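Structure data follow from structure16.pdb (PDB, C-alpha atoms):
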```pdb
MODEL        1
ATOM      1  CA  MET A  12     135.755  77.298 100.362
ATOM      2  CA  THR A  13     136.055  79.050 103.724
ATOM      3  CA  LEU A  14     136.059  82.483 102.109
ATOM      4  CA  LEU A  15     133.018  81.573 100.009
ATOM      5  CA  LEU A  16     131.018  80.415 103.039
ATOM      6  CA  GLU A  17     132.002  83.514 104.990
ATOM      7  CA  GLN A  18     130.861  85.795 102.171
ATOM      8  CA  ILE A  19     127.593  83.882 101.801
ATOM      9  CA  LEU A  20     126.940  84.480 105.500
ATOM     10  CA  ASN A  21     127.861  88.152 105.067
ATOM     11  CA  GLY A  22     125.405  88.319 102.173
ATOM     12  CA  LEU A  23     122.673  86.757 104.319
ATOM     13  CA  GLN A  24     123.356  89.265 107.094
ATOM     14  CA  PHE A  25     123.257  92.233 104.719
ATOM     15  CA  GLY A  26     120.171  90.788 103.069
ATOM     16  CA  ALA A  27     118.451  90.437 106.461
ATOM     17  CA  MET A  28     119.015  94.115 107.182
ATOM     18  CA  LEU A  29     117.775  95.129 103.734
ATOM     19  CA  PHE A  30     114.679  92.961 104.155
ATOM     20  CA  MET A  31     113.732  94.696 107.406
ATOM     21  CA  LEU A  32     113.913  98.005 105.577
ATOM     22  CA  ALA A  33     112.398  96.907 102.272
ATOM     23  CA  SER A  34     109.453  94.950 103.673
ATOM     24  CA  GLY A  35     108.031  97.999 105.426
ATOM     25  CA  LEU A  36     108.688 100.262 102.473
ATOM     26  CA  THR A  37     107.080  97.914  99.965
ATOM     27  CA  LEU A  38     103.987  97.579 102.176
ATOM     28  CA  ILE A  39     103.722 101.362 102.434
ATOM     29  CA  PHE A  40     104.046 101.876  98.693
ATOM     30  CA  GLY A  41     102.010  98.827  97.687
ATOM     31  CA  ILE A  42      99.088  99.559 100.005
ATOM     32  CA  MET A  43      99.146 103.328 100.450
ATOM     33  CA  ASP A  44     100.669 104.267  97.087
ATOM     34  CA  VAL A  45     103.039 106.670  98.851
ATOM     35  CA  ILE A  46     106.670 107.206  97.867
ATOM     36  CA  ASN A  47     108.326 107.721 101.239
ATOM     37  CA  LEU A  48     111.874 109.091 101.155
ATOM     38  CA  THR A  49     111.774 109.448 104.945
ATOM     39  CA  HIS A  50     111.915 105.673 105.373
ATOM     40  CA  GLY A  51     115.691 105.644 105.825
ATOM     41  CA  SER A  52     115.338 108.287 108.538
ATOM     42  CA  PHE A  53     113.373 105.820 110.696
ATOM     43  CA  TYR A  54     116.394 103.516 110.484
ATOM     44  CA  MET A  55     118.605 106.381 111.685
ATOM     45  CA  VAL A  56     116.186 107.329 114.476
ATOM     46  CA  GLY A  57     116.154 103.726 115.676
ATOM     47  CA  ALA A  58     119.952 103.575 115.753
ATOM     48  CA  TYR A  59     120.256 106.864 117.657
ATOM     49  CA  CYS A  60     117.542 105.918 120.160
ATOM     50  CA  ALA A  61     119.317 102.615 120.753
ATOM     51  CA  ALA A  62     122.677 104.344 121.250
ATOM     52  CA  PHE A  63     121.163 106.847 123.697
ATOM     53  CA  ALA A  64     119.365 104.163 125.733
ATOM     54  CA  LEU A  65     122.460 101.965 125.822
ATOM     55  CA  ALA A  66     124.601 104.874 127.060
ATOM     56  CA  GLN A  67     122.091 105.732 129.780
ATOM     57  CA  THR A  68     121.257 102.232 131.027
ATOM     58  CA  GLY A  69     123.997  99.924 129.800
ATOM     59  CA  SER A  70     121.272  97.474 128.800
ATOM     60  CA  PHE A  71     121.001  96.233 125.238
ATOM     61  CA  ALA A  72     117.406  95.143 125.922
ATOM     62  CA  ALA A  73     116.586  98.758 126.782
ATOM     63  CA  ALA A  74     118.311  99.825 123.568
ATOM     64  CA  VAL A  75     116.114  97.468 121.526
ATOM     65  CA  VAL A  76     112.943  98.739 123.193
ATOM     66  CA  ALA A  77     114.013 102.362 122.712
ATOM     67  CA  ALA A  78     114.786 101.783 119.033
ATOM     68  CA  LEU A  79     111.448 100.096 118.359
ATOM     69  CA  LEU A  80     109.403 102.654 120.297
ATOM     70  CA  GLY A  81     111.355 105.648 118.976
ATOM     71  CA  ALA A  82     111.220 104.671 115.311
ATOM     72  CA  GLY A  83     107.642 103.367 115.523
ATOM     73  CA  ALA A  84     106.329 106.452 117.332
ATOM     74  CA  TYR A  85     108.101 108.798 114.936
ATOM     75  CA  GLY A  86     106.679 106.876 111.983
ATOM     76  CA  VAL A  87     103.139 107.173 113.346
ATOM     77  CA  LEU A  88     103.674 110.892 113.983
ATOM     78  CA  VAL A  89     104.920 111.427 110.425
ATOM     79  CA  GLU A  90     101.925 109.559 109.016
ATOM     80  CA  LEU A  91      99.413 111.512 111.090
ATOM     81  CA  VAL A  92     100.908 114.948 110.501
ATOM     82  CA  VAL A  93     102.239 114.769 106.935
ATOM     83  CA  ILE A  94     101.653 111.536 104.998
ATOM     84  CA  ARG A  95      97.907 111.469 105.659
ATOM     85  CA  ARG A  96      97.569 114.682 103.647
ATOM     86  CA  LEU A  97      99.370 113.180 100.643
ATOM     87  CA  TYR A  98      97.343 110.042  99.834
ATOM     88  CA  ARG A  99      95.376 111.673  97.037
ATOM     89  CA  ARG A 100      98.248 113.801  95.798
ATOM     90  CA  ASP A 101     100.566 113.175  92.884
ATOM     91  CA  HIS A 102     103.788 111.284  93.578
ATOM     92  CA  LEU A 103     105.764 114.475  92.964
ATOM     93  CA  TYR A 104     104.171 116.048  96.050
ATOM     94  CA  GLN A 105     105.009 112.936  98.058
ATOM     95  CA  VAL A 106     108.650 113.001  96.948
ATOM     96  CA  LEU A 107     109.042 116.698  97.774
ATOM     97  CA  ALA A 108     107.287 116.439 101.140
ATOM     98  CA  THR A 109     109.140 113.338 102.311
ATOM     99  CA  PHE A 110     112.475 114.725 101.093
ATOM    100  CA  GLY A 111     111.803 117.794 103.220
ATOM    101  CA  LEU A 112     110.987 115.498 106.147
ATOM    102  CA  LEU A 113     114.276 113.681 105.581
ATOM    103  CA  LEU A 114     116.214 116.942 105.915
ATOM    104  CA  PHE A 115     114.129 117.964 108.933
ATOM    105  CA  THR A 116     114.780 114.620 110.637
ATOM    106  CA  ASN A 117     118.537 114.904 110.118
ATOM    107  CA  GLU A 118     118.583 118.329 111.766
ATOM    108  CA  ALA A 119     116.214 117.285 114.561
ATOM    109  CA  VAL A 120     118.348 114.239 115.421
ATOM    110  CA  SER A 121     121.524 116.359 115.416
ATOM    111  CA  LEU A 122     119.868 118.848 117.809
ATOM    112  CA  LEU A 123     118.600 116.118 120.143
ATOM    113  CA  PHE A 124     121.629 113.818 120.184
ATOM    114  CA  GLY A 125     124.452 116.038 118.943
ATOM    115  CA  ARG A 126     126.539 115.786 115.797
ATOM    116  CA  ARG A 127     129.188 113.570 117.327
ATOM    117  CA  PRO A 128     128.570 109.969 116.218
ATOM    118  CA  PRO A 129     127.819 107.774 119.256
ATOM    119  CA  LEU A 130     129.710 104.548 119.828
ATOM    120  CA  VAL A 131     127.558 101.447 120.208
ATOM    121  CA  GLU A 132     129.458  98.484 121.587
ATOM    122  CA  THR A 133     128.426  94.917 120.903
ATOM    123  CA  PRO A 134     126.607  93.501 123.962
ATOM    124  CA  ALA A 135     128.454  90.789 125.849
ATOM    125  CA  PHE A 136     126.030  88.000 124.945
ATOM    126  CA  LEU A 137     126.449  88.801 121.223
ATOM    127  CA  ALA A 138     130.207  89.376 121.349
ATOM    128  CA  GLY A 139     132.734  86.805 120.269
ATOM    129  CA  GLU A 140     132.701  84.282 117.473
ATOM    130  CA  VAL A 141     131.297  80.855 116.727
ATOM    131  CA  THR A 142     133.402  78.145 115.110
ATOM    132  CA  LEU A 143     131.502  76.963 112.034
ATOM    133  CA  LEU A 144     134.437  75.186 110.395
ATOM    134  CA  PRO A 145     137.903  74.377 111.723
ATOM    135  CA  ASP A 146     139.269  77.472 109.966
ATOM    136  CA  LEU A 147     136.133  79.651 110.055
ATOM    137  CA  GLN A 148     135.068  81.673 113.068
ATOM    138  CA  TYR A 149     132.037  83.877 112.476
ATOM    139  CA  PRO A 150     130.772  86.754 114.669
ATOM    140  CA  VAL A 151     127.796  85.902 116.869
ATOM    141  CA  LEU A 152     126.220  89.300 116.200
ATOM    142  CA  ARG A 153     126.066  88.683 112.453
ATOM    143  CA  LEU A 154     124.547  85.242 112.985
ATOM    144  CA  ALA A 155     121.965  86.803 115.306
ATOM    145  CA  PHE A 156     121.149  89.319 112.567
ATOM    146  CA  ILE A 157     120.472  86.455 110.130
ATOM    147  CA  VAL A 158     118.270  84.620 112.638
ATOM    148  CA  ILE A 159     116.257  87.755 113.479
ATOM    149  CA  GLY A 160     115.825  88.495 109.781
ATOM    150  CA  ALA A 161     114.423  84.980 109.266
ATOM    151  CA  LEU A 162     112.056  85.420 112.218
ATOM    152  CA  VAL A 163     110.860  88.759 110.864
ATOM    153  CA  ALA A 164     110.198  87.160 107.471
ATOM    154  CA  LEU A 165     108.161  84.369 109.090
ATOM    155  CA  GLY A 166     106.297  86.859 111.268
ATOM    156  CA  LEU A 167     105.368  89.060 108.315
ATOM    157  CA  TRP A 168     104.263  86.048 106.281
ATOM    158  CA  PHE A 169     101.992  84.966 109.132
ATOM    159  CA  LEU A 170     100.680  88.500 109.644
ATOM    160  CA  VAL A 171      99.890  89.122 105.981
ATOM    161  CA  ASN A 172      98.521  85.664 105.102
ATOM    162  CA  ARG A 173      97.047  84.237 108.310
ATOM    163  CA  THR A 174      95.524  87.106 110.295
ATOM    164  CA  ARG A 175      92.498  89.353 109.927
ATOM    165  CA  LEU A 176      94.755  92.405 109.872
ATOM    166  CA  GLY A 177      96.699  90.874 107.004
ATOM    167  CA  MET A 178      93.461  90.189 105.160
ATOM    168  CA  LEU A 179      92.485  93.852 105.541
ATOM    169  CA  VAL A 180      95.951  94.946 104.416
ATOM    170  CA  ARG A 181      95.678  92.859 101.250
ATOM    171  CA  ALA A 182      92.147  94.019 100.619
ATOM    172  CA  GLY A 183      93.154  97.645 101.143
ATOM    173  CA  ALA A 184      95.899  97.245  98.572
ATOM    174  CA  ASP A 185      93.392  95.957  95.999
ATOM    175  CA  ASP A 186      90.418  98.257  96.640
ATOM    176  CA  ARG A 187      90.640 100.806  99.428
ATOM    177  CA  GLU A 188      87.214 102.313  98.625
ATOM    178  CA  MET A 189      85.465  98.946  99.046
ATOM    179  CA  VAL A 190      87.265  98.268 102.332
ATOM    180  CA  SER A 191      86.231 101.683 103.607
ATOM    181  CA  ALA A 192      82.635 101.097 102.449
ATOM    182  CA  LEU A 193      82.514  97.891 104.529
ATOM    183  CA  GLY A 194      83.026  99.934 107.688
ATOM    184  CA  ILE A 195      86.779  99.466 108.118
ATOM    185  CA  ASP A 196      88.673 102.547 109.287
ATOM    186  CA  ILE A 197      91.086 102.657 106.370
ATOM    187  CA  ARG A 198      92.955 105.619 107.845
ATOM    188  CA  LEU A 199      93.699 103.678 111.023
ATOM    189  CA  LEU A 200      94.818 100.719 108.897
ATOM    190  CA  TYR A 201      97.203 102.977 106.989
ATOM    191  CA  THR A 202      98.599 104.359 110.244
ATOM    192  CA  LEU A 203      99.223 100.835 111.555
ATOM    193  CA  VAL A 204     100.973  99.778 108.345
ATOM    194  CA  PHE A 205     103.123 102.897 108.322
ATOM    195  CA  GLY A 206     104.000 102.420 111.997
ATOM    196  CA  LEU A 207     104.906  98.778 111.355
ATOM    197  CA  GLY A 208     107.230  99.808 108.539
ATOM    198  CA  ALA A 209     108.925 102.368 110.803
ATOM    199  CA  LEU A 210     109.214  99.819 113.620
ATOM    200  CA  LEU A 211     111.007  97.364 111.320
ATOM    201  CA  CYS A 212     113.400 100.159 110.396
ATOM    202  CA  GLY A 213     114.074 100.711 114.096
ATOM    203  CA  LEU A 214     114.843  97.011 114.517
ATOM    204  CA  ALA A 215     117.294  97.162 111.615
ATOM    205  CA  GLY A 216     118.850 100.275 113.150
ATOM    206  CA  VAL A 217     119.516  98.747 116.569
ATOM    207  CA  MET A 218     120.941  95.562 115.047
ATOM    208  CA  ALA A 219     123.183  97.483 112.662
ATOM    209  CA  ALA A 220     124.372 100.012 115.260
ATOM    210  CA  PRO A 221     127.229  97.834 116.646
ATOM    211  CA  LEU A 222     128.325  96.914 113.097
ATOM    212  CA  LEU A 223     128.086 100.252 111.257
ATOM    213  CA  ALA A 224     128.755 103.880 112.085
ATOM    214  CA  VAL A 225     125.794 105.624 113.719
ATOM    215  CA  GLU A 226     125.776 109.085 112.166
ATOM    216  CA  ILE A 227     123.559 111.760 110.698
ATOM    217  CA  GLY A 228     122.421 110.829 107.200
ATOM    218  CA  MET A 229     123.069 107.106 107.582
ATOM    219  CA  GLY A 230     119.554 106.394 106.315
ATOM    220  CA  GLU A 231     120.016 108.020 102.913
ATOM    221  CA  ARG A 232     122.780 105.656 101.846
ATOM    222  CA  VAL A 233     120.836 102.513 102.624
ATOM    223  CA  LEU A 234     117.570 103.944 101.240
ATOM    224  CA  ILE A 235     118.807 103.805  97.646
ATOM    225  CA  THR A 236     119.748 100.146  98.021
ATOM    226  CA  THR A 237     116.363  99.490  99.633
ATOM    227  CA  PHE A 238     114.578 100.901  96.582
ATOM    228  CA  VAL A 239     116.722  98.643  94.382
ATOM    229  CA  VAL A 240     115.585  95.656  96.470
ATOM    230  CA  ILE A 241     111.928  96.602  95.994
ATOM    231  CA  VAL A 242     112.315  97.068  92.233
ATOM    232  CA  ILE A 243     114.025  93.680  91.907
ATOM    233  CA  GLY A 244     111.524  91.863  94.096
ATOM    234  CA  GLY A 245     108.360  93.567  92.876
ATOM    235  CA  VAL A 246     106.568  96.567  94.341
ATOM    236  CA  GLY A 247     104.077  95.723  97.068
ATOM    237  CA  SER A 248     105.267  92.143  97.573
ATOM    238  CA  VAL A 249     106.771  91.026 100.901
ATOM    239  CA  ARG A 250     107.933  87.792  99.240
ATOM    240  CA  GLY A 251     109.564  89.907  96.552
ATOM    241  CA  ALA A 252     111.240  92.076  99.187
ATOM    242  CA  LEU A 253     112.745  88.954 100.763
ATOM    243  CA  ALA A 254     113.955  87.573  97.427
ATOM    244  CA  GLY A 255     115.337  90.943  96.339
ATOM    245  CA  ALA A 256     117.097  91.526  99.670
ATOM    246  CA  LEU A 257     118.803  88.132  99.591
ATOM    247  CA  LEU A 258     119.860  88.575  95.965
ATOM    248  CA  VAL A 259     121.255  92.058  96.557
ATOM    249  CA  GLY A 260     123.009  90.962  99.737
ATOM    250  CA  MET A 261     124.671  88.020  97.995
ATOM    251  CA  VAL A 262     125.691  89.945  94.873
ATOM    252  CA  ASP A 263     127.147  92.801  96.919
ATOM    253  CA  SER A 264     129.057  90.549  99.310
ATOM    254  CA  LEU A 265     130.393  88.109  96.726
ATOM    255  CA  GLY A 266     131.248  90.901  94.297
ATOM    256  CA  ARG A 267     133.334  92.807  96.842
ATOM    257  CA  ALA A 268     135.126  89.623  97.890
ATOM    258  CA  PHE A 269     135.933  87.998  94.558
ATOM    259  CA  LEU A 270     135.987  90.696  91.868
ATOM    260  CA  PRO A 271     139.409  92.119  92.928
ATOM    261  CA  SER A 272     141.171  88.742  92.720
ATOM    262  CA  LEU A 273     139.381  87.900  89.468
ATOM    263  CA  LEU A 274     140.429  91.136  87.774
ATOM    264  CA  ASP A 275     143.971  90.932  89.174
ATOM    265  CA  GLY A 276     144.511  87.872  86.996
ATOM    266  CA  LEU A 277     143.254  89.679  83.885
ATOM    267  CA  LEU A 278     144.492  93.264  84.197
ATOM    268  CA  ALA A 279     147.405  95.224  85.553
ATOM    269  CA  PRO A 280     147.085  96.054  89.302
ATOM    270  CA  GLU A 281     146.757  99.811  88.681
ATOM    271  CA  LEU A 282     143.714  99.105  86.505
ATOM    272  CA  ALA A 283     142.265  96.111  88.344
ATOM    273  CA  THR A 284     141.917  97.734  91.793
ATOM    274  CA  PRO A 285     139.799 100.790  90.847
ATOM    275  CA  LEU A 286     137.813  98.802  88.280
ATOM    276  CA  ALA A 287     136.997  96.097  90.832
ATOM    277  CA  ALA A 288     135.846  98.705  93.341
ATOM    278  CA  GLY A 289     133.622 100.364  90.753
ATOM    279  CA  LEU A 290     132.134  97.110  89.494
ATOM    280  CA  ALA A 291     131.449  95.902  93.043
ATOM    281  CA  SER A 292     129.576  99.123  93.829
ATOM    282  CA  ALA A 293     127.608  98.912  90.573
ATOM    283  CA  SER A 294     126.875  95.185  90.766
ATOM    284  CA  VAL A 295     123.462  95.572  92.438
ATOM    285  CA  TYR A 296     122.374  98.052  89.753
ATOM    286  CA  VAL A 297     123.510  95.672  87.024
ATOM    287  CA  LEU A 298     121.481  92.978  88.759
ATOM    288  CA  MET A 299     118.440  95.275  88.806
ATOM    289  CA  ALA A 300     118.811  96.004  85.090
ATOM    290  CA  LEU A 301     119.056  92.302  84.236
ATOM    291  CA  VAL A 302     115.984  91.446  86.325
ATOM    292  CA  LEU A 303     113.946  94.245  84.743
ATOM    293  CA  ILE A 304     114.899  93.091  81.241
ATOM    294  CA  ILE A 305     113.571  89.605  82.008
ATOM    295  CA  ARG A 306     110.715  90.549  84.370
ATOM    296  CA  PRO A 307     109.773  94.235  84.078
ATOM    297  CA  LEU A 308     107.474  94.072  87.149
ATOM    298  CA  GLY A 309     110.086  92.377  89.327
ATOM    299  CA  LEU A 310     110.521  88.782  90.431
ATOM    300  CA  PHE A 311     107.363  88.490  92.538
ATOM    301  CA  PRO A 312     105.072  91.444  91.819
ATOM    302  CA  ALA A 313     102.052  91.858  94.046
ATOM    303  CA  ARG A 314      98.872  90.438  92.610
ATOM    304  CA  GLY A 315      96.203  92.979  91.897
TER
ENDMDL
END
```

Take the structure from the file and write it as structure tokens.
Amino acid sequence: MTLLLEQILNGLQFGAMLFMLASGLTLIFGIMDVINLTHGSFYMVGAYCAAFALAQTGSFAAAVVAALLGAGAYGVLVELVVIRRLYRRDHLYQVLATFGLLLFTNEAVSLLFGRRPPLVETPAFLAGEVTLLPDLQYPVLRLAFIVIGALVALGLWFLVNRTRLGMLVRAGADDREMVSALGIDIRLLYTLVFGLGALLCGLAGVMAAPLLAVEIGMGERVLITTFVVIVIGGVGSVRGALAGALLVGMVDSLGRAFLPSLLDGLLAPELATPLAAGLASASVYVLMALVLIIRPLGLFPARG
């Protein structure tokens, strides 16, 4: 029971990180119809900016601000300089351009911060563990990640469904020409949406920095999983991004925890160990295939 609860919490924490990444990416694709392979690079930029600010000031608050500003500003710059020229282009052009930006960002970050991975220590107020059960102590940092993920989900729901900006975002996703004809600066709206997506990546980066290795290329690995989340949840849907992120987080966490012991009872150890590792890694893709068989547009596709 203790192990199950711990893995559920791990799944929620991983799902919270994936949601921060997937929500921005699904807004960008759903509204702007742009396939952005640079999205994972914003996550990396946020982590590196946080590590640099923390090393210089010793303040985790400064690290959070640096991550948000660094990732958000870089996202706006990318949109203004590159993405804005790709809105009317075929998706192949978008893939090639953003893949080139991904490589450029990796080299630029290595030149600015060096190739040596920085060490980001857990801040004192997030260090330690909380006793949830008599035999279960859980890290405060991971619980904070879950809480922040929930707050981000509530904030995005309010922004998209209860504000004028959210109304324009939804209208722009349905009919950008009509929104533009009504006098709305659709290009500014796109820049704001793109910057918001990058800022959420920066938030995920600073929260993940004490838990994961901060290194060049860290965004590419999580980007693939982020696309899986969007496909499962439904392209262009923030609600779908949340559902997909939680599902992927749970399947990944529970699979890695329980598949080895399950297969040990069925197969010889020399077969069970590598098979369990392979199945755990492939579990999210199996989940995606099953969802697409039942609901080809995802669990909660955007209306339009």

What does the distance between CA of Ser121 in chain A and CA of Tyr54 in chain A come to in Å, to one decimal place?
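One can read the CA of Ser121 in chain A to CA of Tyr54 in chain A distance as 14.7 Å.
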
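Distance-wise, CA of Ile157 in chain A and CA of Asn21 in chain A end up 9.1 Å apart.
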
Test item: residues at most 8 Å from Leu257 in chain A, only C-alpha atoms, excluding those fewer than 4 positions along its chain, as a ChimeraX atom specification
/A:22-23,25-27,30,253,261

If you keep C-alpha atoms, can you produce a file of those selected residues as a PDB file, in the coordinates of the input?
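part_3.pdb written:
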```
ATOM      1  CA  GLY A  22     125.405  88.319 102.173  1.00  0.00           C
ATOM      2  CA  LEU A  23     122.673  86.757 104.319  1.00  0.00           C
ATOM      3  CA  PHE A  25     123.257  92.233 104.719  1.00  0.00           C
ATOM      4  CA  GLY A  26     120.171  90.788 103.069  1.00  0.00           C
ATOM      5  CA  ALA A  27     118.451  90.437 106.461  1.00  0.00           C
ATOM      6  CA  PHE A  30     114.679  92.961 104.155  1.00  0.00           C
ATOM      7  CA  LEU A 253     112.745  88.954 100.763  1.00  0.00           C
ATOM      8  CA  MET A 261     124.671  88.020  97.995  1.00  0.00           C
TER       9      MET A 261
END
```

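Using all atoms listed in the file, the smallest distance between any of A:Leu20, A:Leu179, A:Ala62, A:Leu286 and Leu193 in chain A comes from A:Leu179.
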
Could you give me, as a Markdown table, a per-residue list for range 204-315 of chain A showing, wherever an atom lies at most 10 Å from an atom of range 116-119 of chain A, the closest pair of atoms and their distance in Å to one decimal, using only C-alpha atoms and sorting by chain then residue number from low to high?
```
| residue | atom | partner | partner_atom | distance |
| --- | --- | --- | --- | --- |
| A:Glu226 | CA | A:Asn117 | CA | 9.5 |
| A:Ile227 | CA | A:Asn117 | CA | 6.0 |
| A:Gly228 | CA | A:Asn117 | CA | 6.3 |
| A:Met229 | CA | A:Asn117 | CA | 9.4 |
| A:Gly230 | CA | A:Asn117 | CA | 9.4 |
```

Would you mind listing what lies within 12 Å of range 266-283 of chain A as a PyMOL selection string, with only C-alpha atoms counted and same-chain residues fewer than 3 positions away left out?
chain A and resi 14-19+21-22+258-263+286-295+297-298

Please dump the current selection as a PDB file, in the coordinates of the input; keep C-alpha atoms.
```pdb
ATOM      1  CA  LEU A  14     136.059  82.483 102.109  1.00  0.00           C
ATOM      2  CA  LEU A  15     133.018  81.573 100.009  1.00  0.00           C
ATOM      3  CA  LEU A  16     131.018  80.415 103.039  1.00  0.00           C
ATOM      4  CA  GLU A  17     132.002  83.514 104.990  1.00  0.00           C
ATOM      5  CA  GLN A  18     130.861  85.795 102.171  1.00  0.00           C
ATOM      6  CA  ILE A  19     127.593  83.882 101.801  1.00  0.00           C
ATOM      7  CA  ASN A  21     127.861  88.152 105.067  1.00  0.00           C
ATOM      8  CA  GLY A  22     125.405  88.319 102.173  1.00  0.00           C
ATOM      9  CA  LEU A 258     119.860  88.575  95.965  1.00  0.00           C
ATOM     10  CA  VAL A 259     121.255  92.058  96.557  1.00  0.00           C
ATOM     11  CA  GLY A 260     123.009  90.962  99.737  1.00  0.00           C
ATOM     12  CA  MET A 261     124.671  88.020  97.995  1.00  0.00           C
ATOM     13  CA  VAL A 262     125.691  89.945  94.873  1.00  0.00           C
ATOM     14  CA  ASP A 263     127.147  92.801  96.919  1.00  0.00           C
ATOM     15  CA  LEU A 286     137.813  98.802  88.280  1.00  0.00           C
ATOM     16  CA  ALA A 287     136.997  96.097  90.832  1.00  0.00           C
ATOM     17  CA  ALA A 288     135.846  98.705  93.341  1.00  0.00           C
ATOM     18  CA  GLY A 289     133.622 100.364  90.753  1.00  0.00           C
ATOM     19  CA  LEU A 290     132.134  97.110  89.494  1.00  0.00           C
ATOM     20  CA  ALA A 291     131.449  95.902  93.043  1.00  0.00           C
ATOM     21  CA  SER A 292     129.576  99.123  93.829  1.00  0.00           C
ATOM     22  CA  ALA A 293     127.608  98.912  90.573  1.00  0.00           C
ATOM     23  CA  SER A 294     126.875  95.185  90.766  1.00  0.00           C
ATOM     24  CA  VAL A 295     123.462  95.572  92.438  1.00  0.00           C
ATOM     25  CA  VAL A 297     123.510  95.672  87.024  1.00  0.00           C
ATOM     26  CA  LEU A 298     121.481  92.978  88.759  1.00  0.00           C
TER      27      LEU A 298
END
```

May I ask for the distance between CA of Ala164 in chain A and CA of Ile42 in chain A, given in Å to one decimal place?
18.2 Å

As a PyMOL selection string, please: the residues near Gly57 in chain A (cut-off 7 Å, only C-alpha atoms, same-chain neighbours under 6 positions excluded).
chain A and resi 78-79+81-82+212-214+216-217

Return as a PyMOL selection string the set of residues that the PyMOL selection byres ((chain A and resi 112) around 12) yields on the displayed structure.
chain A and resi 47-53+85-86+88-90+92-94+105-111+113-120

Apply the PyMOL selection byres ((chain A and resi 130-134) around 10) to the displayed file and report the matching residues as a ChimeraX atom specification.
/A:58-59,61-63,65-66,69-72,74,127-129,135-139,151-152,217-226

Determine the nearest neighbour of Phe169 in chain A from the options A:Ala256, A:Thr68, A:Ile305, A:Arg250, counting all atoms listed in the file.
A:Arg250

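Residue nearest Val171 in chain A, chosen from A:Leu80, A:Leu38, A:Val242, A:Ile197 and counting all atoms listed in the file: A:Leu38.
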
Measuring atom to atom with only C-alpha atoms, identify which of A:Ala192, A:Ile39, A:Val240, A:Ile159 is nearest to Ala215 in chain A.
A:Ile159

On this structure, which residues satisfy the PyMOL selection byres ((chain A and resi 98-102) around 8), written as JSON, numbers by chain?
{"A": [43, 44, 45, 46, 94, 95, 96, 97, 103, 104, 105, 106]}

May I ask which of the residues A:Leu123, A:Met12, A:Ala84, A:Leu32 is the closest one to Asp146 in chain A, counting all atoms listed in the file?
A:Met12

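The nearest approach to Ala182 in chain A among the residues A:Leu143, A:Gly41, A:Thr13, A:Pro307, with all atoms listed in the file taken into account, belongs to A:Gly41.
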
Within 9 Å of Thr236 in chain A using all atoms listed in the file, minus same-chain residues under 2 positions, as a ChimeraX atom specification
/A:29,232-234,238-241,259,295-296
